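Everything below belongs to structure-v3.cif, which stores mmCIF, C-alpha atoms and all ligand atoms.
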```cif
data_target
loop_
_atom_site.label_atom_id
_atom_site.label_comp_id
_atom_site.auth_asym_id
_atom_site.auth_seq_id
_atom_site.Cartn_x
_atom_site.Cartn_y
_atom_site.Cartn_z
CA MET A 1 12.52 11.89 49.37
CA LYS A 2 14.55 9.41 47.32
CA TYR A 3 11.59 7.01 47.37
CA ALA A 4 9.23 9.75 46.33
CA VAL A 5 11.42 10.57 43.32
CA THR A 6 11.66 6.89 42.39
CA LEU A 7 7.91 6.55 42.71
CA ILE A 8 7.33 9.56 40.49
CA ILE A 9 9.74 8.14 37.87
CA ILE A 10 7.98 4.74 38.00
CA LEU A 11 4.56 6.37 37.68
CA PHE A 12 5.87 8.43 34.76
CA LEU A 13 7.18 5.30 33.00
CA ILE A 14 3.89 3.46 33.59
CA GLY A 15 2.07 6.49 32.24
CA CYS A 16 4.19 6.42 29.06
CA GLY A 17 3.61 2.69 28.62
CA ALA A 18 -0.14 3.21 28.77
CA GLU A 19 -0.08 5.36 25.61
CA PRO A 20 -1.93 3.53 22.84
CA ALA A 21 0.64 1.90 20.53
CA ASP A 22 -1.09 2.62 17.23
CA GLU A 23 2.02 2.55 15.02
CA VAL A 24 2.10 -0.77 13.19
CA HIS A 25 5.33 0.00 11.34
CA THR A 26 8.37 1.92 12.50
CA PRO A 27 10.59 3.15 9.66
CA ILE A 28 13.58 0.96 8.73
CA THR A 29 16.59 2.46 6.94
CA LEU A 30 18.62 0.05 4.80
CA GLU A 31 22.35 0.73 4.52
CA GLN A 32 22.80 0.37 0.78
CA PRO A 33 19.43 -0.18 -0.84
CA ASP A 34 19.28 -0.94 -4.58
CA PHE A 35 16.05 0.99 -5.04
CA CYS A 36 13.59 3.16 -3.14
CA VAL A 37 9.81 2.67 -3.33
CA VAL A 38 7.11 4.86 -1.82
CA LEU A 39 4.36 2.45 -0.75
CA ASP A 40 0.90 3.83 -0.02
CA PHE A 41 -1.73 1.85 1.90
CA GLY A 42 -4.94 3.43 0.60
CA HIS A 43 -7.44 5.12 2.98
CA GLY A 44 -7.20 4.63 6.79
CA GLY A 45 -8.89 5.80 9.99
CA PHE A 46 -12.03 7.87 9.34
CA ASP A 47 -11.74 7.03 5.62
CA GLY A 48 -12.34 3.26 5.42
CA GLY A 49 -12.75 3.14 1.63
CA ALA A 50 -14.90 0.39 0.09
CA VAL A 51 -16.87 -1.96 2.36
CA GLY A 52 -17.55 -5.66 1.63
CA ASN A 53 -21.21 -6.43 0.89
CA GLU A 54 -21.33 -9.74 2.73
CA THR A 55 -18.89 -9.46 5.62
CA GLY A 56 -18.67 -5.70 6.13
CA VAL A 57 -14.87 -5.85 5.85
CA VAL A 58 -13.32 -2.42 5.36
CA GLU A 59 -10.93 -1.76 2.47
CA ALA A 60 -8.45 0.23 4.60
CA GLU A 61 -7.72 -2.89 6.74
CA LEU A 62 -7.09 -5.08 3.71
CA ASN A 63 -4.85 -2.44 2.11
CA LEU A 64 -2.77 -2.45 5.29
CA ALA A 65 -2.62 -6.27 5.36
CA VAL A 66 -1.60 -6.77 1.70
CA GLY A 67 0.60 -3.66 1.72
CA THR A 68 2.50 -4.91 4.77
CA LEU A 69 3.33 -8.14 2.92
CA VAL A 70 4.49 -6.10 -0.09
CA MET A 71 6.66 -4.00 2.21
CA GLN A 72 8.28 -7.10 3.72
CA GLY A 73 8.89 -8.57 0.25
CA LEU A 74 10.60 -5.38 -0.88
CA TYR A 75 12.81 -5.21 2.21
CA ASP A 76 13.82 -8.85 1.54
CA ARG A 77 15.01 -7.68 -1.90
CA ASN A 78 17.06 -4.81 -0.47
CA VAL A 79 14.58 -2.15 -1.53
CA GLN A 80 14.12 0.86 0.76
CA VAL A 81 10.44 1.38 1.49
CA ILE A 82 8.88 4.69 2.47
CA LEU A 83 5.34 4.37 3.80
CA THR A 84 2.61 6.97 3.70
CA ARG A 85 0.54 5.73 6.64
CA THR A 86 2.22 3.49 9.20
CA SER A 87 -0.86 2.39 11.15
CA GLU A 88 -4.61 1.86 10.80
CA ASP A 89 -5.09 5.61 11.15
CA ALA A 90 -5.25 8.22 8.42
CA ILE A 91 -2.41 10.75 8.39
CA GLY A 92 -4.58 13.75 9.12
CA ASP A 93 -7.82 14.63 10.90
CA THR A 94 -9.64 15.53 7.69
CA LYS A 95 -9.55 14.20 4.14
CA ARG A 96 -7.86 17.44 3.05
CA GLU A 97 -5.16 17.17 5.72
CA ASP A 98 -4.63 13.47 4.94
CA MET A 99 -4.21 14.22 1.24
CA ASP A 100 -1.78 17.08 1.92
CA ASN A 101 0.39 14.89 4.16
CA ARG A 102 0.15 11.90 1.83
CA GLY A 103 0.97 14.10 -1.16
CA GLU A 104 4.19 15.26 0.47
CA ILE A 105 5.35 11.66 1.02
CA LEU A 106 4.26 10.62 -2.50
CA CYS A 107 6.59 13.32 -3.88
CA GLN A 108 9.55 12.21 -1.74
CA GLU A 109 12.86 13.01 -3.42
CA GLY A 110 14.90 9.95 -4.36
CA ALA A 111 11.92 7.63 -4.79
CA ASP A 112 12.25 5.43 -7.89
CA ILE A 113 8.55 4.63 -8.04
CA VAL A 114 5.27 4.99 -6.13
CA VAL A 115 2.82 2.10 -5.62
CA SER A 116 -0.56 2.49 -3.94
CA ILE A 117 -2.56 -0.52 -2.67
CA HIS A 118 -6.39 -0.53 -2.86
CA MET A 119 -9.44 -2.82 -3.11
CA ASN A 120 -12.11 -2.27 -5.74
CA LYS A 121 -15.92 -2.12 -5.78
CA PHE A 122 -18.42 -2.07 -8.66
CA THR A 123 -22.18 -2.18 -9.20
CA ASP A 124 -21.98 -5.35 -11.33
CA ARG A 125 -21.20 -7.94 -8.68
CA LYS A 126 -19.95 -10.47 -11.22
CA VAL A 127 -16.90 -8.32 -12.00
CA ARG A 128 -13.72 -9.57 -10.31
CA GLY A 129 -9.94 -9.72 -10.59
CA PRO A 130 -7.10 -7.29 -10.07
CA MET A 131 -6.70 -4.03 -12.03
CA VAL A 132 -3.74 -1.69 -12.11
CA TYR A 133 -4.04 2.03 -12.92
CA TYR A 134 -1.53 4.58 -14.19
CA GLN A 135 -1.98 8.27 -14.83
CA THR A 136 -3.30 8.91 -18.37
CA GLY A 137 -0.40 9.87 -20.62
CA ALA A 138 2.36 8.74 -18.21
CA ALA A 139 4.46 6.31 -20.27
CA GLU A 140 6.67 5.12 -17.40
CA GLY A 141 3.71 4.82 -15.10
CA GLU A 142 2.06 2.66 -17.74
CA ASN A 143 5.13 0.40 -17.97
CA LEU A 144 5.19 0.00 -14.20
CA ALA A 145 1.44 -0.67 -14.02
CA GLN A 146 1.64 -3.24 -16.85
CA SER A 147 4.57 -5.00 -15.18
CA ILE A 148 2.52 -5.39 -11.96
CA MET A 149 -0.61 -6.36 -13.92
CA ASP A 150 1.31 -9.11 -15.80
CA ALA A 151 2.79 -10.52 -12.58
CA LEU A 152 -0.68 -10.58 -10.97
CA THR A 153 -2.50 -12.26 -13.86
CA GLN A 154 0.27 -14.86 -14.14
CA ALA A 155 0.34 -15.62 -10.42
CA LEU A 156 -3.46 -15.94 -10.24
CA GLY A 157 -3.74 -17.90 -13.50
CA ARG A 158 -6.00 -15.27 -15.07
CA GLU A 159 -6.22 -14.02 -18.64
CA PRO A 160 -3.68 -11.28 -19.47
CA ARG A 161 -5.17 -7.83 -18.93
CA LEU A 162 -4.02 -4.36 -19.92
CA ALA A 163 -3.26 -1.83 -17.21
CA SER A 164 -5.87 0.95 -17.12
CA ALA A 165 -5.40 4.67 -17.71
CA GLY A 166 -6.99 6.83 -15.03
CA ASN A 167 -6.80 10.07 -13.10
CA ASN A 168 -6.11 9.42 -9.40
CA PHE A 169 -4.39 11.60 -6.80
CA VAL A 170 -1.73 8.96 -6.04
CA THR A 171 -0.70 8.57 -9.70
CA ARG A 172 -1.12 12.24 -10.67
CA ILE A 173 0.92 13.90 -7.89
CA PRO A 174 4.28 12.03 -7.78
CA PRO A 175 7.16 13.00 -10.09
CA ALA A 176 8.23 9.31 -10.08
CA PRO A 177 6.41 6.62 -12.13
CA ALA A 178 3.32 5.61 -10.17
CA ALA A 179 0.78 2.76 -10.17
CA LEU A 180 -2.42 2.18 -8.20
CA VAL A 181 -3.14 -1.52 -7.62
CA GLU A 182 -6.78 -2.56 -7.11
CA CYS A 183 -6.23 -6.06 -5.70
CA GLY A 184 -9.76 -7.28 -6.33
CA PHE A 185 -13.48 -6.49 -5.96
CA LEU A 186 -15.14 -6.34 -2.54
CA SER A 187 -18.45 -6.28 -4.46
CA ASN A 188 -17.87 -9.84 -5.72
CA HIS A 189 -18.88 -12.41 -3.12
CA GLU A 190 -16.12 -14.94 -3.76
CA GLU A 191 -13.41 -12.32 -4.04
CA GLU A 192 -14.57 -10.53 -0.88
CA LEU A 193 -13.77 -13.73 1.02
CA LEU A 194 -10.53 -14.43 -0.87
CA LEU A 195 -9.18 -10.94 -0.17
CA GLN A 196 -9.47 -11.67 3.57
CA ASP A 197 -7.56 -14.96 3.26
CA GLY A 198 -3.93 -14.78 4.42
CA ASP A 199 -2.62 -17.14 1.72
CA TYR A 200 -4.36 -15.20 -1.03
CA GLN A 201 -3.06 -11.91 0.38
CA LYS A 202 0.47 -13.37 0.27
CA GLN A 203 -0.04 -14.55 -3.30
CA LEU A 204 -1.14 -11.05 -4.31
CA ALA A 205 1.73 -9.39 -2.43
CA ASP A 206 4.37 -11.72 -3.94
CA ALA A 207 3.06 -10.94 -7.42
CA ILE A 208 3.06 -7.17 -6.77
CA VAL A 209 6.65 -7.39 -5.51
CA LEU A 210 7.65 -9.41 -8.59
CA GLY A 211 6.04 -6.88 -10.92
CA ILE A 212 7.79 -4.02 -9.10
CA MET A 213 11.19 -5.78 -9.24
CA ASN A 214 10.82 -6.64 -12.93
CA TYR A 215 10.11 -3.00 -13.68
CA LEU A 216 12.94 -1.62 -11.50
CA GLU A 217 15.54 -4.09 -12.78
CA ASN A 218 14.65 -3.47 -16.43
CA ASN A 219 14.81 0.27 -15.96
CA SER A 220 17.93 0.63 -13.80
CA GLU A 221 20.94 2.13 -15.56
CA GLN A 222 23.76 -0.35 -15.11
ZN ZN B 1 -9.55 2.59 -2.42
#
```

Here is the file; what I need is its structure written in the form of structure tokens.
Amino acid sequence: MKYAVTLIIILFLIGCGAEPADEVHTPITLEQPDFCVVLDFGHGGFDGGAVGNETGVVEAELNLAVGTLVMQGLYDRNVQVILTRTSEDAIGDTKREDMDNRGEILCQEGADIVVSIHMNKFTDRKVRGPMVYYQTGAAEGENLAQSIMDALTQALGREPRLASAGNNFVTRIPPAPAALVECGFLSNHEEELLLQDGDYQKQLADAIVLGIMNYLENNSEQ
């Protein structure tokens, strides 16, 4: 009988271990964070987003890769990070459900800012380079977006560029200042390859973190 019970327990444990481990990130809670950032990795699961013309790379994967580096950079600077999706999957079975769940996290109380990571695509395949969007009319969102834009253009040695006004779910919904970062164009051949390069992803992420920190430190009431 004892053996039978042990066997059942062992089988149960093996059964649990066989569950697919699809969570890439488990939440971390810092003890005394200086700031709190909601970080959104755009798309996921059934919603892959833009697809690279040459390699077929899916935007959702790249958002997760660059976003993960941003997350790590923020934790290194004692910033609490709240993620929307924590794995390759969407956070709902339908687009509607995903948006509802994402929207709730984007509006998290106590968040200082919201930053969403995406990759771009355009019909003119010569167009390249990062762009950062804020919600039209949102002054603080514009400051945040410009701070990230400046850090990106400087890090990549590109001409200064103004952040762009737009109307996107992730910048419209949150009460906190919000920016949507388009890291580059999957429709541009050279950039499609660069965006899949680990060193380039790190360069982008470091710049995004710098832009975020510059904004937060200039706006914190000390
Ligand atoms: Zn996107």

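Each of A:Leu83, A:Leu186, A:Leu216, A:Ala151 was compared to ligand ZN 1 (chain B) using all atoms listed in the file, and A:Leu186 turns out to be the nearest.
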
- Query: Within 8 Å of ligand ZN 1 (chain B), counting all atoms listed in the file, which protein or nucleic acid residues do you find, written as a PyMOL selection string?
  - Reply: chain A and resi 42-43+49-50+59-60+117-120+182

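Nearest-residue note for A:Met71: choosing from A:Ile28, A:Ala178, A:Ile91, A:Leu195, the minimum distance belongs to A:Ile28, counting all atoms listed in the file.
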
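The spacing separating atom CA of A:Glu191 from atom CA of A:Arg128 amounts to 6.9 Å.
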
- Please provide as a count of residues only all residues within 6 Å of A:Val81, with the sequence filter that same-chain residues fewer than 2 positions apart are discarded (counting all atoms listed in the file). 3

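Selection around (16.4, -2.1, 1.7) with radius 8 Å, counting all atoms listed in the file, yields the residues Thr29, Leu30, Glu31, Gln32, Pro33, Asp34, Phe35, Cys36, Leu74, Tyr75, Asp76, Arg77, Asn78, Val79, Gln80 and Val81 of chain A.
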
Residues of the last selection are to be written out with C-alpha atoms, as a PDB file, in the frame of the given file.
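Below is the file that was written, result-v7.pdb:
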```
ATOM      1  CA  THR A  29      16.590   2.460   6.940  1.00  0.00           C
ATOM      2  CA  LEU A  30      18.620   0.050   4.800  1.00  0.00           C
ATOM      3  CA  GLU A  31      22.350   0.730   4.520  1.00  0.00           C
ATOM      4  CA  GLN A  32      22.800   0.370   0.780  1.00  0.00           C
ATOM      5  CA  PRO A  33      19.430  -0.180  -0.840  1.00  0.00           C
ATOM      6  CA  ASP A  34      19.280  -0.940  -4.580  1.00  0.00           C
ATOM      7  CA  PHE A  35      16.050   0.990  -5.040  1.00  0.00           C
ATOM      8  CA  CYS A  36      13.590   3.160  -3.140  1.00  0.00           C
ATOM      9  CA  LEU A  74      10.600  -5.380  -0.880  1.00  0.00           C
ATOM     10  CA  TYR A  75      12.810  -5.210   2.210  1.00  0.00           C
ATOM     11  CA  ASP A  76      13.820  -8.850   1.540  1.00  0.00           C
ATOM     12  CA  ARG A  77      15.010  -7.680  -1.900  1.00  0.00           C
ATOM     13  CA  ASN A  78      17.060  -4.810  -0.470  1.00  0.00           C
ATOM     14  CA  VAL A  79      14.580  -2.150  -1.530  1.00  0.00           C
ATOM     15  CA  GLN A  80      14.120   0.860   0.760  1.00  0.00           C
ATOM     16  CA  VAL A  81      10.440   1.380   1.490  1.00  0.00           C
TER      17      VAL A  81
END
```

Residue neighbourhood A:Thr153, 10 Å, all atoms listed in the file, exclusion window fewer than 4 positions, as a PDB file with C-alpha atoms, keeping the file's coordinate frame:
```
ATOM      1  CA  GLY A 129      -9.940  -9.720 -10.590  1.00  0.00           C
ATOM      2  CA  PRO A 130      -7.100  -7.290 -10.070  1.00  0.00           C
ATOM      3  CA  MET A 131      -6.700  -4.030 -12.030  1.00  0.00           C
ATOM      4  CA  ILE A 148       2.520  -5.390 -11.960  1.00  0.00           C
ATOM      5  CA  MET A 149      -0.610  -6.360 -13.920  1.00  0.00           C
ATOM      6  CA  GLY A 157      -3.740 -17.900 -13.500  1.00  0.00           C
ATOM      7  CA  ARG A 158      -6.000 -15.270 -15.070  1.00  0.00           C
ATOM      8  CA  GLU A 159      -6.220 -14.020 -18.640  1.00  0.00           C
ATOM      9  CA  PRO A 160      -3.680 -11.280 -19.470  1.00  0.00           C
ATOM     10  CA  ARG A 161      -5.170  -7.830 -18.930  1.00  0.00           C
ATOM     11  CA  LEU A 204      -1.140 -11.050  -4.310  1.00  0.00           C
ATOM     12  CA  ALA A 207       3.060 -10.940  -7.420  1.00  0.00           C
TER      13      ALA A 207
END
```

- Message: Give me, as a VMD selection string, all polymer residues having an atom no more than 8 Å from stretch 65-68 of chain A, counting all atoms listed in the file and skipping those fewer than 6 positions away in the same chain.
- Response: chain A and resid 39 to 41 117 201 to 202 204 to 205

- Which residue, A:Leu106, A:Val51, A:Ala179, A:Ala155, has the smallest gap to A:Ala138 when you use only C-alpha atoms? A:Ala179

- Query: Expressed in Å to a single decimal, how great is the separation between atom CA of A:Thr136 and atom CA of A:Asp47?
  - Reply: 25.5 Å

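The two atoms in question, atom CA of A:Val114 and atom CA of A:Phe46, are spaced 23.4 Å apart.
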
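Of the listed residues A:Cys107, A:Leu193, A:Val209, A:Cys183, the one whose atoms come nearest to A:Lys121 is A:Cys183, with distances taken using all atoms listed in the file.
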
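Nearest to A:Pro175 of all the residues A:Gln146, A:Thr84, A:Gln135, A:Asn219 is A:Gln135, counting all atoms listed in the file.
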
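Among the candidates A:Ala163, A:Ala139, A:Ile113, A:Ala145, the residue lying nearest to A:Ala176 is A:Ile113 (atoms considered: all atoms listed in the file).
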
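Neighbouring residues of A:Phe122 at 8 Å or closer, counting only C-alpha atoms and skipping chain neighbours under 4 positions away, are Val127, Phe185 and Ser187 of chain A.
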